[in-house]
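Visitor: Got a structure for you, questions after.
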Amino acid sequence: MILFPAIDLKNGQCVRLRQGDMDRATVFNDDPAAQAAAFERQGFRWLHVVDLDGAFAGKPVNGPAVDAILARVRFPVQLGGGIRDLATVDGWLAKGVARVIIGTAAVRDPAFVRAAARAHPGRTVVGIDARDGMVAVEGWAETSSLSATELGKRFEDAGVAAIVYTDIARDGMLGGINWEGTIALAKAVSIPVIASGGLASLADVERLMQPDAAILEGAITGRALYDGRLDAESALKLIASRSVAA
């Protein structure tokens, strides 16, 4: 089970949004690379990074910040936001990103996801961001007519490494993960699923350790880490202790 700390990039800064609203951004660190290094020192095994500006622009925008993060840390980084073509995938992976996350393009251009997964086995992740169970695209600004489960099943045989499932209504709100929807998606597809949106406290990490959630690859945490509601050391010790017991 992996707990992914999140760095969301806006204007080169480390921010957190509420429900994906760019006008409701809180800046937590002016130096994303320093924040990444802090997460690494705390003992996290992976880092989750999103180029928020890129998600809206449809192309990478916070490249210098991502480059600085990659130069600063050794643990693997998965990156999403504005990845809409194979050249962008190739470029990020060549720079040292471990896995790329394809969101909007997974809806608009599923053939691109398949091509990326073929070209880079085990390094392509599909980001499914849902509002009331329906997939949202273009930086969450638009809601499609496609359900999260329908989209996930489209890539069953594509060779993608994982699905990051975000419940937009819960993102940044510290109200707890949508366990029912996330676990239902994980049961419906054979692709590993990562829970995202709403992780608020150690109680949520405890919930992640329950038998029905064992099907998940892990969960992403953001605001709770930044505002101190979730203690990194306690969370990682809990995950490590349960892993040893298993």
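Each chain of the structure tokens is named A, B, ... in the order shown, its residues numbered from 1; ligands are numbered from 1 in display order.
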Return as a PyMOL selection string the full set of residues in chain A whose backbone-based DSSP assignment is strand (DSSP E or B).

Guide: chain A and resi 2-10+13-18+21-29+47-51+77-80+99-102+124-131+134-137+142-147+162-167+193-196+218-221

Visitor: Would you export the selected residues with C-alpha atoms as a PDB file, in the first residue's frame, please?

Guide:
ATOM      1  CA  ILE A   2       1.453   3.353  -1.083  1.00  0.00           C
ATOM      2  CA  LEU A   3       0.661   6.763   0.390  1.00  0.00           C
ATOM      3  CA  PHE A   4       1.415   9.404  -2.244  1.00  0.00           C
ATOM      4  CA  PRO A   5       2.037  12.971  -1.024  1.00  0.00           C
ATOM      5  CA  ALA A   6       0.779  15.484  -3.583  1.00  0.00           C
ATOM      6  CA  ILE A   7       2.306  18.619  -5.026  1.00  0.00           C
ATOM      7  CA  ASP A   8      -0.041  20.670  -7.189  1.00  0.00           C
ATOM      8  CA  LEU A   9       1.704  23.340  -9.247  1.00  0.00           C
ATOM      9  CA  LYS A  10       0.177  26.710 -10.064  1.00  0.00           C
ATOM     10  CA  GLN A  13       4.139  27.416  -6.546  1.00  0.00           C
ATOM     11  CA  CYS A  14       2.951  24.480  -4.469  1.00  0.00           C
ATOM     12  CA  VAL A  15      -0.784  24.971  -3.902  1.00  0.00           C
ATOM     13  CA  ARG A  16      -3.930  23.105  -2.941  1.00  0.00           C
ATOM     14  CA  LEU A  17      -7.307  23.735  -4.512  1.00  0.00           C
ATOM     15  CA  ARG A  18     -10.801  23.136  -3.202  1.00  0.00           C
ATOM     16  CA  ASP A  21     -11.440  25.497  -8.399  1.00  0.00           C
ATOM     17  CA  MET A  22      -8.402  27.501  -9.537  1.00  0.00           C
ATOM     18  CA  ASP A  23      -9.831  30.573  -7.799  1.00  0.00           C
ATOM     19  CA  ARG A  24      -9.770  28.707  -4.480  1.00  0.00           C
ATOM     20  CA  ALA A  25      -6.052  28.013  -4.340  1.00  0.00           C
ATOM     21  CA  THR A  26      -4.011  28.154  -1.145  1.00  0.00           C
ATOM     22  CA  VAL A  27      -0.263  28.558  -1.544  1.00  0.00           C
ATOM     23  CA  PHE A  28       1.621  26.260   0.836  1.00  0.00           C
ATOM     24  CA  ASN A  29       5.155  26.585  -0.482  1.00  0.00           C
ATOM     25  CA  LEU A  47       5.524  11.636  -5.148  1.00  0.00           C
ATOM     26  CA  HIS A  48       2.379  12.688  -7.005  1.00  0.00           C
ATOM     27  CA  VAL A  49       2.707  15.952  -8.980  1.00  0.00           C
ATOM     28  CA  VAL A  50       0.066  17.791 -11.012  1.00  0.00           C
ATOM     29  CA  ASP A  51       0.692  20.721 -13.342  1.00  0.00           C
ATOM     30  CA  VAL A  77       7.608  10.917  -9.355  1.00  0.00           C
ATOM     31  CA  GLN A  78       4.318  10.466 -11.191  1.00  0.00           C
ATOM     32  CA  LEU A  79       3.162  13.534 -13.103  1.00  0.00           C
ATOM     33  CA  GLY A  80      -0.118  14.679 -14.615  1.00  0.00           C
ATOM     34  CA  ARG A  99       5.013   7.582 -14.605  1.00  0.00           C
ATOM     35  CA  VAL A 100       2.869  10.018 -16.574  1.00  0.00           C
ATOM     36  CA  ILE A 101      -0.817  10.498 -15.819  1.00  0.00           C
ATOM     37  CA  ILE A 102      -3.158  11.034 -18.769  1.00  0.00           C
ATOM     38  CA  THR A 124       1.391   5.213 -18.186  1.00  0.00           C
ATOM     39  CA  VAL A 125      -1.390   5.997 -15.702  1.00  0.00           C
ATOM     40  CA  VAL A 126      -4.956   7.018 -16.503  1.00  0.00           C
ATOM     41  CA  GLY A 127      -6.381   9.829 -14.388  1.00  0.00           C
ATOM     42  CA  ILE A 128     -10.136   9.535 -13.885  1.00  0.00           C
ATOM     43  CA  ASP A 129     -11.574  12.636 -12.256  1.00  0.00           C
ATOM     44  CA  ALA A 130     -15.274  12.278 -11.506  1.00  0.00           C
ATOM     45  CA  ARG A 131     -18.094  14.517 -10.387  1.00  0.00           C
ATOM     46  CA  MET A 134     -19.252  11.137 -14.247  1.00  0.00           C
ATOM     47  CA  VAL A 135     -15.846  11.893 -15.757  1.00  0.00           C
ATOM     48  CA  ALA A 136     -14.725  15.541 -15.818  1.00  0.00           C
ATOM     49  CA  VAL A 137     -12.143  16.889 -18.259  1.00  0.00           C
ATOM     50  CA  GLU A 142     -16.255  20.182 -18.151  1.00  0.00           C
ATOM     51  CA  THR A 143     -18.245  17.080 -17.215  1.00  0.00           C
ATOM     52  CA  SER A 144     -18.578  14.354 -19.837  1.00  0.00           C
ATOM     53  CA  SER A 145     -21.367  11.814 -20.358  1.00  0.00           C
ATOM     54  CA  LEU A 146     -18.997   8.975 -19.521  1.00  0.00           C
ATOM     55  CA  SER A 147     -19.010   7.203 -16.166  1.00  0.00           C
ATOM     56  CA  ALA A 162      -2.746   2.273 -12.724  1.00  0.00           C
ATOM     57  CA  ILE A 163      -5.808   4.487 -12.498  1.00  0.00           C
ATOM     58  CA  VAL A 164      -5.850   7.544 -10.254  1.00  0.00           C
ATOM     59  CA  TYR A 165      -9.495   8.032  -9.276  1.00  0.00           C
ATOM     60  CA  THR A 166     -10.358  11.473  -7.906  1.00  0.00           C
ATOM     61  CA  ASP A 167     -13.729  12.426  -6.486  1.00  0.00           C
ATOM     62  CA  VAL A 193      -6.611   1.932  -8.581  1.00  0.00           C
ATOM     63  CA  ILE A 194      -5.225   4.802  -6.488  1.00  0.00           C
ATOM     64  CA  ALA A 195      -7.715   6.733  -4.340  1.00  0.00           C
ATOM     65  CA  SER A 196      -7.604  10.531  -4.484  1.00  0.00           C
ATOM     66  CA  GLY A 218      -2.785   3.266  -2.407  1.00  0.00           C
ATOM     67  CA  ALA A 219      -4.075   6.790  -1.825  1.00  0.00           C
ATOM     68  CA  ILE A 220      -3.017  10.373  -2.456  1.00  0.00           C
ATOM     69  CA  THR A 221      -2.908  12.939   0.317  1.00  0.00           C
TER      70      THR A 221
END

Visitor: Run DSSP on the backbone and give me the residues of stretch 94-234 of chain A it puts in helix (DSSP H, G or I), as number ranges by chain.

Guide: A: 94-95, 104-108, 110-119, 148-154, 179-188, 202-208, 211-213, 223-226, 232-234

Visitor: Selected residues, C-alpha atoms, written as a short mmCIF file (atom, residue, chain, number, x, y, z; two decimals), in the first residue's frame, please.

Guide:
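The file below, selection_31.cif, is the result:
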data_model
loop_
_atom_site.label_atom_id
_atom_site.label_comp_id
_atom_site.auth_asym_id
_atom_site.auth_seq_id
_atom_site.Cartn_x
_atom_site.Cartn_y
_atom_site.Cartn_z
CA ALA A 94 13.22 11.04 -20.69
CA LYS A 95 13.68 13.74 -18.04
CA THR A 104 -8.47 14.60 -20.40
CA ALA A 105 -6.84 12.84 -23.36
CA ALA A 106 -8.01 9.49 -21.99
CA VAL A 107 -11.53 10.64 -22.83
CA ARG A 108 -10.78 12.62 -25.98
CA PRO A 110 -8.07 6.80 -26.03
CA ALA A 111 -5.81 5.64 -28.88
CA PHE A 112 -3.13 7.98 -27.53
CA VAL A 113 -3.29 6.28 -24.11
CA ARG A 114 -2.89 2.89 -25.76
CA ALA A 115 0.05 4.12 -27.82
CA ALA A 116 1.74 5.56 -24.73
CA ALA A 117 1.22 2.33 -22.79
CA ARG A 118 2.68 0.30 -25.65
CA ALA A 119 5.68 2.59 -25.99
CA ALA A 148 -15.78 6.49 -14.31
CA THR A 149 -16.32 2.74 -14.61
CA GLU A 150 -17.01 2.94 -18.35
CA LEU A 151 -13.78 4.86 -18.89
CA GLY A 152 -11.75 2.50 -16.73
CA LYS A 153 -13.01 -0.54 -18.62
CA ARG A 154 -11.94 1.01 -21.93
CA TRP A 179 -14.45 4.72 -0.38
CA GLU A 180 -17.61 3.25 -1.87
CA GLY A 181 -17.04 4.69 -5.35
CA THR A 182 -13.30 4.05 -5.35
CA ILE A 183 -13.52 0.44 -4.21
CA ALA A 184 -16.39 -0.20 -6.64
CA LEU A 185 -14.20 1.02 -9.51
CA ALA A 186 -11.29 -1.14 -8.33
CA LYS A 187 -13.56 -4.19 -8.29
CA ALA A 188 -14.90 -3.41 -11.77
CA LEU A 202 -5.01 9.12 10.29
CA ALA A 203 -8.49 7.61 10.47
CA ASP A 204 -8.56 7.62 6.67
CA VAL A 205 -5.22 5.82 6.57
CA GLU A 206 -6.69 3.29 9.03
CA ARG A 207 -9.62 2.88 6.64
CA LEU A 208 -7.18 2.32 3.80
CA PRO A 211 -9.51 -5.69 4.04
CA ASP A 212 -11.94 -4.32 1.43
CA ALA A 213 -9.48 -1.53 0.56
CA ARG A 223 -4.06 19.36 2.14
CA ALA A 224 -4.15 17.17 5.26
CA LEU A 225 -0.35 16.90 5.16
CA TYR A 226 0.14 20.59 4.57
CA ALA A 232 3.43 11.84 8.03
CA GLU A 233 5.45 9.79 10.49
CA SER A 234 2.37 8.27 12.11
#

Visitor: Leaving out A:Arg74 and any residue of its chain fewer than 4 positions from it, which residues lie within 10 Å of it when counting only C-alpha atoms, given as a list in words?

Guide: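 My reading of the contact set: Ala36, Ala37, Glu40, Arg45, Trp46, Ile69, Leu70 and Gly96 of chain A.
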
Visitor: Just give me the gap between atom CA of A:Lys59 and atom CA of A:Val160 in Å, one decimal is fine.

Guide: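 Going from atom CA of A:Lys59 over to atom CA of A:Val160 covers 21.1 Å.
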
Visitor: Report the distance between atom CA of A:Asp31 and atom CA of A:Pro76 in Å, rounded to one decimal place.

Guide: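 Interatomic distance here is 18.7 Å.
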
Visitor: For A:Pro192, which residue out of A:Asp132, A:Asp231, A:Glu156, A:Asp30 is the nearest one, using only C-alpha atoms?

Guide: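 Counting only C-alpha atoms, the residue closest to A:Pro192 is A:Glu156.
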